[in-house]
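A.B. asks: Structure: data.cif, mmCIF, C-alpha atoms.
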```cif
data_target
loop_
_atom_site.label_atom_id
_atom_site.label_comp_id
_atom_site.auth_asym_id
_atom_site.auth_seq_id
_atom_site.Cartn_x
_atom_site.Cartn_y
_atom_site.Cartn_z
CA MET D 816 124.96 94.81 101.08
CA TRP D 817 121.24 93.97 100.74
CA GLU D 818 121.41 94.61 96.99
CA LYS D 819 124.35 92.17 96.57
CA ILE D 820 122.07 89.15 96.64
CA LYS D 821 119.72 88.78 93.71
CA GLY D 822 116.86 86.66 94.89
CA LYS D 823 113.84 86.16 97.05
CA GLU D 824 113.05 88.47 99.96
CA GLU D 825 110.42 87.70 102.58
CA LYS D 826 109.12 89.77 105.51
CA ARG D 827 107.10 88.72 108.55
CA THR D 828 106.18 89.95 111.99
CA TYR D 829 106.03 87.73 115.07
CA GLN D 830 105.10 88.05 118.71
CA LEU D 831 107.80 86.24 120.70
CA LYS D 832 107.80 84.82 124.22
CA TYR D 833 110.87 86.59 125.57
CA SER D 834 111.04 88.98 128.50
CA SER D 835 113.34 91.45 126.70
CA THR D 836 114.75 92.36 123.31
CA GLN D 837 118.22 91.30 124.55
CA ALA D 838 117.02 87.77 125.37
CA ALA D 839 115.29 87.51 121.99
CA GLU D 840 118.39 88.78 120.15
CA GLN D 841 120.66 86.22 121.81
CA GLU D 842 118.28 83.34 121.09
CA LEU D 843 117.79 84.40 117.44
CA LEU D 844 121.57 84.68 116.95
CA ARG D 845 121.93 81.14 118.29
CA HIS D 846 118.96 79.90 116.24
CA PHE D 847 120.20 81.18 112.87
CA GLY D 848 123.96 80.79 113.45
CA LEU D 849 124.81 83.77 111.25
CA LYS D 850 127.36 86.51 111.86
CA LYS D 851 126.15 89.79 113.32
CA ILE D 852 127.28 92.69 111.16
CA ASP D 853 127.22 96.42 111.83
CA SER D 854 123.78 97.49 112.96
CA PRO D 855 122.55 101.07 113.03
CA GLU D 856 121.81 102.54 116.43
CA SER D 857 118.11 102.82 117.12
CA SER D 858 116.69 106.16 118.13
CA GLN D 859 114.36 104.49 120.63
CA ALA D 860 115.57 102.60 123.70
CA ASN D 861 113.04 99.77 123.33
CA ILE D 862 113.86 98.99 119.66
CA VAL D 863 116.90 96.97 118.54
CA THR D 864 117.98 96.39 114.93
CA VAL D 865 120.24 93.43 114.21
CA ASN D 866 121.79 92.76 110.79
CA LEU D 867 122.94 89.19 110.11
CA ALA D 868 124.88 87.72 107.19
CA GLY D 869 126.51 84.44 106.34
CA LYS D 870 126.23 81.21 104.41
CA PHE D 871 123.55 78.68 105.29
CA LEU D 872 125.20 75.27 105.64
CA GLY D 873 128.30 76.79 104.05
CA ALA D 874 126.62 77.18 100.66
CA GLN D 875 123.82 79.75 100.30
CA GLU D 876 124.36 83.45 101.03
CA VAL D 877 121.83 84.75 103.55
CA LEU D 878 121.07 88.29 104.72
CA MET D 879 118.66 89.09 107.55
CA ILE D 880 117.40 92.18 109.28
CA LEU D 881 115.81 91.64 112.69
CA ILE D 882 113.94 94.52 114.30
CA LEU D 883 113.06 93.73 117.90
CA ALA D 884 110.77 95.85 120.05
CA PHE D 885 109.29 95.43 123.49
CA ASP D 886 105.82 96.58 124.41
CA THR D 887 104.46 96.17 127.95
CA LYS D 888 101.10 94.93 126.64
CA MET D 889 102.20 92.79 123.67
CA GLY D 890 105.62 91.64 124.87
CA CYS D 891 108.54 91.09 122.52
CA LEU D 892 107.84 91.74 118.84
CA LEU D 893 110.00 90.76 115.88
CA LYS D 894 109.91 92.12 112.35
CA ILE D 895 112.19 90.00 110.16
CA ARG D 896 113.45 90.39 106.59
CA VAL D 897 115.27 87.47 104.99
CA LYS D 898 116.91 87.41 101.57
CA THR D 899 118.61 84.52 99.75
CA GLU D 900 118.95 83.45 96.13
CA ASP D 901 116.79 80.38 96.85
CA GLU D 902 113.06 81.04 97.36
CA GLU D 903 112.53 77.77 99.25
CA LEU D 904 115.41 78.49 101.63
CA THR D 905 114.10 82.01 102.26
CA ASN D 906 110.69 80.63 103.21
CA GLU D 907 112.17 77.86 105.38
CA LEU D 908 114.37 80.29 107.32
CA ILE D 909 111.58 82.73 107.99
CA GLU D 910 109.14 79.96 108.95
CA SER D 911 111.68 78.33 111.30
CA ILE D 912 110.69 80.89 113.95
CA GLU D 913 107.09 79.65 114.14
#
```
Starting from the file, lay out its structure as C-alpha cells.
C.D. replies:
Amino acid sequence: MWEKIKGKEEKRTYQLKYSSTQAAEQELLRHFGLKKIDSPESSQANIVTVNLAGKFLGAQEVLMILILAFDTKMGCLLKIRVKTEDEELTNELIESIE
C-alpha cells in the first residue's frame, strides 16, 4: 500500500506527554482523523505500530505509520512516517504534532 502513493515521504521522532502508548494512539487517531488499517503485531509488549490511511479533507490520499513506544525514563515516544502526493501537506501533517 505504501508504494501506491507517488510523492513526498517524511519521517520524524517525537517525545510525547502521554502516560501510555494506548493513550497516545487514541489521541493521534482523533488528531489525524484517518482510518486505522491492519497493523502488524509487535514482538515487544511496549511497542505499538499503527497504520493509518485516508483522504485529507476528502481530497488528498494520506498514508501514515505510527510507531509508539514507552520507556520509563523518556516516557512515550513516537516515530512517524507520513506520505502524500503533496510535499506541503506532508510537512504540515507531520508538523501538526509539535
A.B. asks: Could you tell me which residues the PyMOL selection byres ((chain D and resi 895-897) around 8) grabs in this file, written as an NGL selection string?
C.D. replies: :D and (824-828 or 877-882 or 893-894 or 898-899 or 905 or 908-909)
A.B. asks: Given the choices D:Glu876, D:Val863, D:Glu907, D:Gln830, which gets closest to Lys850 in chain D if the distance is worked out from all atoms listed in the file?
C.D. replies: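 Closest residue, counting all atoms listed in the file: D:Glu876.
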A.B. asks: With all atoms listed in the file as the basis for distance, which of D:Ile852, D:Ala874, D:Leu831, D:Leu844 is at the shortest distance from Glu900 in chain D?
C.D. replies: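 Using all atoms listed in the file, Glu900 in chain D sits closest to D:Ala874.
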A.B. asks: Using only C-alpha atoms, pick whichever of D:Leu843, D:Ile820, D:Cys891, D:Ile862 has the shortest atom-to-atom distance to Gln875 in chain D.
C.D. replies: D:Ile820
A.B. asks: Taking all atoms listed in the file into account, name the residue in D:Asn906, D:Asn861, D:Asn866, D:Ser911 that is nearest to Leu883 in chain D.
C.D. replies: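 Using all atoms listed in the file, Leu883 in chain D sits closest to D:Asn861.
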A.B. asks: Mind checking which residues fall within 9 Å of Gly890 in chain D, counting all atoms listed in the file, ignoring those fewer than 4 positions away in the same chain, and posting them as a list in words?
C.D. replies: Gln830, Leu831, Lys832, Tyr833, Ser834, Ser835, Ala884, Phe885 and Asp886 of chain D
A.B. asks: Grab range 878-901 of chain D from that structure and dump C-alpha atoms to a file, as a CSV table (one decimal), in the first residue's frame.
C.D. replies:
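And here's decode-v3.csv as it stands now:
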```
chain,number,residue,atom,x,y,z
D,878,LEU,CA,-0.7,7.1,4.5
D,879,MET,CA,0.9,7.1,7.9
D,880,ILE,CA,2.8,4.7,10.1
D,881,LEU,CA,3.0,5.5,13.8
D,882,ILE,CA,5.4,3.5,16.0
D,883,LEU,CA,4.7,4.2,19.6
D,884,ALA,CA,7.0,3.0,22.5
D,885,PHE,CA,7.0,3.6,26.2
D,886,ASP,CA,10.2,4.0,28.2
D,887,THR,CA,10.2,4.5,31.9
D,888,LYS,CA,12.9,7.3,31.7
D,889,MET,CA,11.8,9.0,28.5
D,890,GLY,CA,8.1,8.5,28.5
D,891,CYS,CA,6.0,8.0,25.4
D,892,LEU,CA,8.0,8.1,22.1
D,893,LEU,CA,6.6,8.4,18.6
D,894,LYS,CA,8.3,7.6,15.3
D,895,ILE,CA,6.0,8.8,12.5
D,896,ARG,CA,6.2,8.3,8.7
D,897,VAL,CA,3.8,10.3,6.5
D,898,LYS,CA,3.4,10.0,2.8
D,899,THR,CA,1.2,12.1,0.4
D,900,GLU,CA,1.5,13.3,-3.1
D,901,ASP,CA,1.7,16.9,-1.9
```
